[in-house]
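Input: a single structure, listed below in structure tokens.
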Amino acid sequence: MFITALLAILVTMGLALARALAGPTTYDRIAAVNMFGTKTVLLIAVLAFFTGRSDLLDIALVYALINFIGVVAALKLVTQGNFHCPDCNESEARQGESK
Amino acid sequence: MIDIVIDITLLAFLAITSVAIVRMTNLFAIVMLFGIFSLLSAGLFVVMDAPDVAFTEAAVGAGISTVLMLATLALVKRPQKPYYGEAPQSHRAWLPLIVVAVTGSALVYGTWDIPGFGAPDAPAQSHVARYYIENTMQETGVPNIVTAVLASYRGFDTLGEVTVIFTAAVAVLLLIGGKRSKPAVKTNKKGEQDEA
């Protein structure tokens with residue numbers, strides 16, 4: 001049963017990787033990376049049960065947190081255009097460059 | 001058996017991701033693929049029974065460095081300028097190919113002498129590891145041997161490393177988070193808001 005789950009997770013990782021490579025829009029890629037991180041968490045969790053090492057579950061939890069932070073940072077960059085100044089977005093900066 | 005399947009699949013994903021990173025020009029997509037690359041290597045570390053290394057790889061590689069790369073990307077322009085299309089071809093393409101092939105075969109030749117993964121007669125297992133396994137608890141009182149070596153036996157070395165990391169963190173914070181002089185691209189209204 002664990003082996004089937006592992007193989008299914010690996011196949012899903014491949015699909016997510018294909019979406020990250022091909023994804024035409026930015027949001028496709030962000031969703032693909034988020035999904036890939038989730039699949040890594042699941043892979044580690046299943047491996048923890050498969051090999052009987054329950055301390056790997058802590059690693060899986062940390063991965064979930066890191067994945068969340070990374071996706072929030074990526075989305076913040078896409079919406080704002082930068083990290084340092086929430087008021088000026090990218091379109092205004094581009095207008096300023098042309099002047 | 002299933003370990004071999006997982007290893008091969010993850011390594012194949014690593015190779016695909018690396019080739020895609022090299023060939024892509026969309027920098028945002030490349031940063032996303034960097035995140036996938038480091039998640040993959042962290043998964044490989046977990047498969048190889050090194051959860052503490054995987055911990056570091058996930059925190060630094062997938063977490064912090066992705067955010068730092070995105071912050072850098074926010075300060076520079078989004079698309080990469082096409083370089084190879086414009087630059088004059090000063091050398092033939094087969095010369096780097098030969099250099100890469102020779103280096104790669106030398107590295108593969110070097111791996112033949114490496115002892116097998118987890119082999120009991122490997123130098124890593126037979127040299128000084130036994131001393132630490134037997135004496136760590138009496139000498140330092142730290143139950144984790146890796147922690148004992150890092151924080152007790154090599155305490156000054158770790159202090160130096162932590163100093164380096166602290167300096168790097170201060171430098172990065174000064175670069176991306178400190179008070180910046182206003183760039184010329186802003187309109188006057190925005191500039192006044194920033195000064196106030």
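We label chains A, B, ... in the order they appear in the structure tokens, count residues from 1 in each chain, and number ligands from 1 in the order shown.
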
Chain B near chain A within 8 Å: what's each residue's closest atom pair and its distance in Å to one decimal, counting only C-alpha atoms, ordered by chain then ascending residue number, as a Markdown table?
| residue | atom | partner | partner_atom | distance |
| --- | --- | --- | --- | --- |
| B:Ile2 | CA | A:Ile3 | CA | 7.1 |
| B:Ile6 | CA | A:Leu10 | CA | 7.6 |
| B:Thr9 | CA | A:Leu10 | CA | 7.4 |
| B:Phe13 | CA | A:Gly14 | CA | 7.3 |
| B:Ala20 | CA | A:Leu21 | CA | 7.1 |
| B:Phe28 | CA | A:Thr26 | CA | 7.8 |
| B:Ala29 | CA | A:Arg29 | CA | 6.7 |
| B:Met32 | CA | A:Val33 | CA | 6.4 |
| B:Leu33 | CA | A:Ala20 | CA | 7.3 |
| B:Gly35 | CA | A:Val33 | CA | 7.2 |
| B:Ile36 | CA | A:Val33 | CA | 6.3 |
| B:Leu39 | CA | A:Gly37 | CA | 6.7 |
| B:Leu40 | CA | A:Thr40 | CA | 7.6 |
| B:Gly43 | CA | A:Thr40 | CA | 6.5 |
| B:Val46 | CA | A:Ile44 | CA | 7.1 |
| B:Val47 | CA | A:Leu47 | CA | 7.7 |
| B:Pro51 | CA | A:Leu56 | CA | 6.7 |
| B:Ala54 | CA | A:Ile59 | CA | 7.9 |
| B:Phe55 | CA | A:Ile59 | CA | 6.2 |
| B:Ala58 | CA | A:Tyr63 | CA | 6.5 |
| B:Ala59 | CA | A:Ile66 | CA | 6.6 |
| B:Ala62 | CA | A:Ile66 | CA | 7.2 |
| B:Gly63 | CA | A:Ile66 | CA | 5.4 |
| B:Ile64 | CA | A:Gly70 | CA | 8.0 |
| B:Thr66 | CA | A:Gly70 | CA | 6.7 |
| B:Val67 | CA | A:Ala73 | CA | 6.2 |
| B:Leu70 | CA | A:Ala74 | CA | 6.8 |
| B:Ala71 | CA | A:Phe83 | CA | 6.3 |
| B:Ala74 | CA | A:Asn82 | CA | 4.7 |
| B:Leu75 | CA | A:Asn82 | CA | 7.0 |
| B:Ile176 | CA | A:His84 | CA | 7.9 |
| B:Gly177 | CA | A:His84 | CA | 7.2 |
| B:Ala184 | CA | A:Gly96 | CA | 7.9 |
| B:Val185 | CA | A:Gly96 | CA | 4.5 |
| B:Lys186 | CA | A:Gly96 | CA | 6.0 |
| B:Thr187 | CA | A:Gly96 | CA | 7.0 |
| B:Lys190 | CA | A:Cys88 | CA | 7.6 |

Practice item. Record the distance separating atom CA of Leu173 of chain B and atom CA of Gly61 of chain B, expressed in Å with one decimal. Key: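 Between atom CA of Leu173 of chain B and atom CA of Gly61 of chain B the gap is 17.9 Å.
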
Could you give me, as a PDB file with N, CA and C atoms, in the first residue's frame, the residues within 12 Å of segment 109-120 of chain B, counting only C-alpha atoms and dropping anything in the same chain fewer than 4 positions from it?
ATOM      1  N   MET B  48      18.126   9.375   1.578  1.00  0.00           N
ATOM      2  CA  MET B  48      19.431   8.857   1.983  1.00  0.00           C
ATOM      3  C   MET B  48      19.634   8.919   3.492  1.00  0.00           C
ATOM      4  N   ASP B  49      18.551   9.053   4.268  1.00  0.00           N
ATOM      5  CA  ASP B  49      18.614   9.004   5.731  1.00  0.00           C
ATOM      6  C   ASP B  49      19.435  10.141   6.325  1.00  0.00           C
ATOM      7  N   ALA B  50      19.377  11.323   5.741  1.00  0.00           N
ATOM      8  CA  ALA B  50      20.065  12.479   6.318  1.00  0.00           C
ATOM      9  C   ALA B  50      19.047  13.571   6.577  1.00  0.00           C
ATOM     10  N   VAL B 102      35.513  15.617 -21.073  1.00  0.00           N
ATOM     11  CA  VAL B 102      36.702  15.099 -20.385  1.00  0.00           C
ATOM     12  C   VAL B 102      36.551  15.244 -18.873  1.00  0.00           C
ATOM     13  N   THR B 103      36.084  16.433 -18.423  1.00  0.00           N
ATOM     14  CA  THR B 103      35.908  16.633 -16.982  1.00  0.00           C
ATOM     15  C   THR B 103      34.890  15.652 -16.415  1.00  0.00           C
ATOM     16  N   GLY B 104      33.782  15.465 -17.158  1.00  0.00           N
ATOM     17  CA  GLY B 104      32.757  14.557 -16.674  1.00  0.00           C
ATOM     18  C   GLY B 104      33.255  13.131 -16.575  1.00  0.00           C
ATOM     19  N   SER B 105      34.019  12.680 -17.599  1.00  0.00           N
ATOM     20  CA  SER B 105      34.495  11.298 -17.519  1.00  0.00           C
ATOM     21  C   SER B 105      35.545  11.147 -16.428  1.00  0.00           C
ATOM     22  N   ALA B 124      34.875   6.909   6.315  1.00  0.00           N
ATOM     23  CA  ALA B 124      34.030   7.746   7.167  1.00  0.00           C
ATOM     24  C   ALA B 124      33.537   6.967   8.379  1.00  0.00           C
ATOM     25  N   GLN B 125      33.360   5.648   8.224  1.00  0.00           N
ATOM     26  CA  GLN B 125      32.862   4.852   9.344  1.00  0.00           C
ATOM     27  C   GLN B 125      33.997   4.332  10.226  1.00  0.00           C
ATOM     28  N   SER B 126      35.185   4.075   9.630  1.00  0.00           N
ATOM     29  CA  SER B 126      36.201   3.334  10.372  1.00  0.00           C
ATOM     30  C   SER B 126      37.298   4.217  10.951  1.00  0.00           C
ATOM     31  N   HIS B 127      37.339   5.500  10.604  1.00  0.00           N
ATOM     32  CA  HIS B 127      38.519   6.290  10.986  1.00  0.00           C
ATOM     33  C   HIS B 127      38.393   6.834  12.404  1.00  0.00           C
ATOM     34  N   ALA B 129      35.176   7.872  13.610  1.00  0.00           N
ATOM     35  CA  ALA B 129      33.774   7.865  14.027  1.00  0.00           C
ATOM     36  C   ALA B 129      33.578   7.011  15.273  1.00  0.00           C
ATOM     37  N   ARG B 130      34.349   5.902  15.371  1.00  0.00           N
ATOM     38  CA  ARG B 130      34.164   5.006  16.513  1.00  0.00           C
ATOM     39  C   ARG B 130      34.469   5.726  17.823  1.00  0.00           C
TER      40      ARG B 130
END

Check your understanding: By how many Å are atom CA of Thr72 of chain B and atom CA of Phe166 of chain B apart?
Key ->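 If I compute the distance from atom CA of Thr72 of chain B to atom CA of Phe166 of chain B, I get 19.8 Å.
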
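Here the alpha helix (DSSP H) residues in segment 22-61 of chain B, by DSSP on the backbone, are B:Val22, B:Arg23, B:Leu27, B:Phe28, B:Ala29, B:Ile30, B:Val31, B:Met32, B:Leu33, B:Phe34, B:Gly35, B:Ile36, B:Phe37, B:Ser38, B:Leu39, B:Leu40, B:Ser41, B:Ala42, B:Gly43, B:Leu44, B:Phe45, B:Val46, B:Val47, B:Pro51, B:Asp52, B:Val53, B:Ala54, B:Phe55, B:Thr56.
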
Review point. What is the atom CA of Val128 of chain B-atom CA of Val149 of chain B distance in Å, reported with one decimal?
Key: 11.6 Å

**Study point:** Contacts of Val146 of chain B at 12 Å (only C-alpha atoms; same-chain gap of 4+ positions) as JSON, numbers by chain
**Key:** {"B": [50, 52, 53, 129, 132, 133, 136, 137, 140, 142, 150, 151, 152, 153, 154]}
